[in-house]
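Trainee: Before anything else, here's the structure in question.
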Amino acid sequence: FSFVDNSAEADLWLLNSCTVKNPAEDHFRNSIKKAQEGKKKVVLAGCVPQAQPRQEYLKGLSIIGVQQIDRVVEVVEETIKGHSVRLLGQKKDNGKRLGGARLDLPKIRKNPLIEIISINTGCLNACTYCKTKHARGDLASYPIEELVDRAKQSFQEGVCEIWLTSEDTGAYGRDIGTDLPTLLWKLVEVIPEGAMLRLGMTNPPYILEHLEEMAKILNHPRVYAFLHIPVQSASDSVLMDMKREYCVADFKQVVDFLKEKVPGITIATDIICGFPGETDEDFQETMKLVELYRFPSLFINQFYPRPGTPAAKMPQVPAAVKKQRTKDLSHLFHSYNPYDHKVGERQRVLVTEESFDSNYYVAHNPFYEQVLVPKDPLLMGKMVEVNIYEAGKHFMKGQPVSDARVHTASITRPLAKGEVSGLTEEFRRAPQNGTNWKAQPSAEIPMKTRLSSWMALQLPWQQEGGGLKILSVSLALLAVLVMFYYGGMKTEL
């Protein structure tokens with residue numbers, strides 16, 4: 001197999017999907033149509049085909065389910081032969097539902113400095129607007145020891161930042177007799193100095209009982225004082241119709257407690273505008289909540305009825321009203337600047353990325369607030385101190401302090417961009433079909449060579465004729481990490 005960037009050159013398209021909103025599924029559908037018009041073979045992955053495999057536009061196409069991604073190469077092989085393959089089953093162990101793909105599978109990190117670990121799949125809620133539950137199912141948590149082992153391996157490969165992710169991190173462990181704080185304390189033990197851990201989204205009901213312990217963990221110097229807690233609406237009647245299993249007072253209790261016990265903490269939240277039955281009074285309550293807390297990170301979503309969900313059958317708010325409410329909330333959000341008071345501060349930041357315009361490096365301070373720093377290659381992957389000299393709506397700018405100590409999370413060189421994670425030294429050094437793989441520094445190995453060589457090691461299926469060119473297209477709206485499992489791909493959100 002070889003991988004190409006130009007879709008026109010590809011023989012097969014592997015299309016990943018997100019089912020959260022209508023536009024995402026529309027994009028997915030359009031990509032399938034474009035592939036078919038170009039006479040391309042197609043393999044579909046992600047939540048859309050998992051949740052709705054009988055959709056007319058999916059008819060006759062190969063599908064890989066969200067729990068079967070480790071068999072993606074097998075599906076690709078059969079699709080190239082002209083067969084239609086559908087692997088949608090749930091993996092179980094002695095009748096108990098397992099989580100997603102194994103954590104120890106090799107993959108390629110989008111950013112070699114950042115490891116994204118899914119701690120559980122599915123959730124415990126039954127929100128009336130949610131389509132993802134149809135695809136992901138009920139909660140299934142990974143064992144603590146497997147998560148800790150994955151974190152250890154990541155640090156050994158030069159990673160300096162770990163993101164924990166799932167549909168609901170707060171619910172972690174309820175199915176296996178443990179909980180999120182227990183996991184986090186175990187992870188904190190293996191985080192080296194100069195590295196950081198970032199928690200993912202948690203719904204209010206499942207964090208309430210852990211507030212004391214969560215505050216202690218979020219105060220830890222190697223854990224970002226950041227938490228994403230979706231409120232969705234500040235109207236209890238709307239929350240009841242959503243079946244969110246909490247009231248506005250619960251959300252405020254969580255936020256107020258954490259803001260008191262974790263000074264400076266960043267609270268991010270989500271809001272849906274125009275949920276069925278939302279009145280003007282309901283919406284004004286939401287506006288008041290945003291005005292009260294002035295969230296520095298706010299995800300504003302116009303409601304889209306997803307087919308097959310209870311909310312799609314409810315009386316809908318007129319489209320013009322939904323659009324106007326979305327505009328009003330956006331205007332409120334952009335009316336305040338959360339970082340102006342931080343100009344002049346001296347902050348400790350971890351540098352992990354390059355900005356979209358390529359003019360700066362992107363770092364984050366202990367509250368996971370974005371700080372732009374000069375593009376000095378010596379800073380990448382390092383924790384440094386900076387003086388904040390400018391602030392914008394979504395960022396600050398910092399100048400490194402000359403006399404500050406620089407922390408390096410690990411003496412291990414990070415993997416080169418595109419290098420496969422999780423391979424043993426034996427596999428890395430093995431000669432492949434006459435290719436002197438071990439003689440080439442890993443940073444210089446082209447992606448095609450590296451992946452083709454590795455797959456020749458791992459795959460039982462024989463390669464035929466010219467190389468198969470695969471285009472990976474991700475349609476997910478949230479942050480996407482592309483990972484290759486046994487020569488295939490997995491998308492983690």
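Letters A, B, ... go to the chains of the structure tokens in the order shown; residues in each chain start at 1; ligands are counted from 1 in the same order.
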So that I can see what lies close to range 81-90 of chain A, please list as an MDAnalysis selection string the residues with an atom at most 8 Å from it, counting only C-alpha atoms and leaving out residues fewer than 2 positions away in the same chain.

Mentor: chainID A and resid 50 60:68 75 77:79 92 97:98

Trainee: If you run DSSP on the backbone here, which positions in range 85-237 of chain A get helix (DSSP H, G or I)? Please write them as an MDAnalysis selection string.

Mentor: chainID A and resid 132:136 144:156 169:171 180:188 204:206 208:218 236:237

Trainee: Find the spatial neighbours of Pro204 in chain A, counting only C-alpha atoms, within a cut-off of 12 Å - ignore same-chain residues fewer than 4 positions away - and output them as a VMD selection string.

Mentor: chain A and resid 125 168 to 171 208 to 211 227 to 232 239 244 to 255 269 to 270

Trainee: Please report as a tab-separated table every residue of range 253-298 of chain A lying within 9 Å of range 326-337 of chain A, along with the nearest atom pair and their distance in Å (one decimal), using only C-alpha atoms.

Mentor:
residue	atom	partner	partner_atom	distance
A:Ile272	CA	A:Thr326	CA	8.4
A:Cys273	CA	A:Thr326	CA	5.8
A:Gly274	CA	A:Thr326	CA	8.0
A:Thr286	CA	A:Leu329	CA	8.6
A:Met287	CA	A:Leu329	CA	6.6
A:Val290	CA	A:Phe333	CA	7.6
A:Glu291	CA	A:Leu332	CA	7.6
A:Arg294	CA	A:Phe333	CA	7.4
A:Phe295	CA	A:Phe333	CA	8.0
A:Pro296	CA	A:Asn337	CA	8.0
A:Ser297	CA	A:Phe333	CA	9.0
A:Leu298	CA	A:Phe333	CA	7.5

Trainee: Suppose we keep N, CA and C atoms; can you now write the selection as an mmCIF file, in the first residue's frame?

Mentor:
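So out.cif came out as:
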data_model
loop_
_atom_site.group_PDB
_atom_site.id
_atom_site.type_symbol
_atom_site.label_atom_id
_atom_site.label_comp_id
_atom_site.auth_asym_id
_atom_site.auth_seq_id
_atom_site.Cartn_x
_atom_site.Cartn_y
_atom_site.Cartn_z
ATOM 1 N N ILE A 272 -26.604 24.859 22.936
ATOM 2 C CA ILE A 272 -27.426 24.611 21.754
ATOM 3 C C ILE A 272 -28.494 25.694 21.673
ATOM 4 N N CYS A 273 -28.540 26.388 20.558
ATOM 5 C CA CYS A 273 -29.552 27.437 20.350
ATOM 6 C C CYS A 273 -30.728 26.901 19.543
ATOM 7 N N GLY A 274 -31.932 27.111 20.038
ATOM 8 C CA GLY A 274 -33.118 26.739 19.278
ATOM 9 C C GLY A 274 -33.536 25.303 19.415
ATOM 10 N N THR A 286 -30.198 31.540 29.168
ATOM 11 C CA THR A 286 -28.887 31.121 28.671
ATOM 12 C C THR A 286 -27.970 32.320 28.469
ATOM 13 N N MET A 287 -28.514 33.399 27.926
ATOM 14 C CA MET A 287 -27.725 34.616 27.745
ATOM 15 C C MET A 287 -27.212 35.128 29.095
ATOM 16 N N VAL A 290 -24.190 33.078 30.327
ATOM 17 C CA VAL A 290 -22.944 33.431 29.641
ATOM 18 C C VAL A 290 -22.433 34.783 30.141
ATOM 19 N N GLU A 291 -23.328 35.707 30.356
ATOM 20 C CA GLU A 291 -22.946 37.018 30.875
ATOM 21 C C GLU A 291 -22.353 36.886 32.277
ATOM 22 N N ARG A 294 -18.938 34.513 31.673
ATOM 23 C CA ARG A 294 -18.038 34.985 30.614
ATOM 24 C C ARG A 294 -17.018 33.901 30.246
ATOM 25 N N PHE A 295 -17.547 32.779 29.827
ATOM 26 C CA PHE A 295 -16.688 31.639 29.479
ATOM 27 C C PHE A 295 -15.660 32.049 28.420
ATOM 28 N N PRO A 296 -14.386 31.772 28.655
ATOM 29 C CA PRO A 296 -13.375 32.117 27.645
ATOM 30 C C PRO A 296 -13.437 31.213 26.417
ATOM 31 N N SER A 297 -14.006 30.023 26.600
ATOM 32 C CA SER A 297 -14.156 29.082 25.492
ATOM 33 C C SER A 297 -15.612 28.633 25.456
ATOM 34 N N LEU A 298 -16.307 28.991 24.372
ATOM 35 C CA LEU A 298 -17.741 28.717 24.267
ATOM 36 C C LEU A 298 -18.053 28.151 22.882
#

Trainee: Excluding Leu124 in chain A and residues on its chain fewer than 2 positions from it, collect all residues at most 7 Å away from it, counting only C-alpha atoms, and give them as a PyMOL selection string.

Mentor: chain A and resi 126+138-139

Trainee: Which neighbours of Gly38 in chain A fall inside 12 Å, counting only C-alpha atoms, when residues of the same chain fewer than 6 positions from it are skipped, and could you give them as a ChimeraX atom specification?

Mentor: /A:7-13,31-32

Trainee: Taking the DSSP assignment computed from this structure's backbone, write out as an MDAnalysis selection string all residues of range 174-301 of chain A that belong to strand (DSSP E).

Mentor: chainID A and resid 196:198 226:228 266:273 297:301

Trainee: Between A:Pro400, A:Pro414, A:Pro192, A:Gly173, which one has atoms that come closest to Gly122 in chain A, using only C-alpha atoms?

Mentor: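 Smallest distance to Gly122 in chain A is found for A:Gly173.
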
Trainee: Need to verify the contact set: Lys417 in chain A, 8 Å, only C-alpha atoms, exclusion of same-chain residues closer than 3 positions in sequence. Can you return it as a PyMOL selection string?

Mentor: chain A and resi 109-112+443

Trainee: Please provide as a PyMOL selection string all residues within 6 Å of range 365-367 of chain A, with the sequence filter that same-chain residues fewer than 5 positions apart are discarded (counting only C-alpha atoms).

Mentor: chain A and resi 224-226+265-266+348-349

Trainee: In Å, rounded to a single decimal, give me how far CA of Leu350 in chain A is from CA of Glu390 in chain A.

Mentor: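 Calculated distance between CA of Glu390 in chain A and CA of Leu350 in chain A is 17.9 Å.
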
Trainee: Of the candidates A:Pro143, A:Pro338, A:Gly200, A:Gly194, which one gets nearest to Pro221 in chain A if we count only C-alpha atoms?

Mentor: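 Of all the options, A:Gly194 lies closest to Pro221 in chain A.
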
Trainee: One decimal, Å: what's the distance from CA of Ser154 in chain A over to CA of Glu213 in chain A, could you say?

Mentor: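 Result for CA of Ser154 in chain A versus CA of Glu213 in chain A: 25.5 Å, one decimal.
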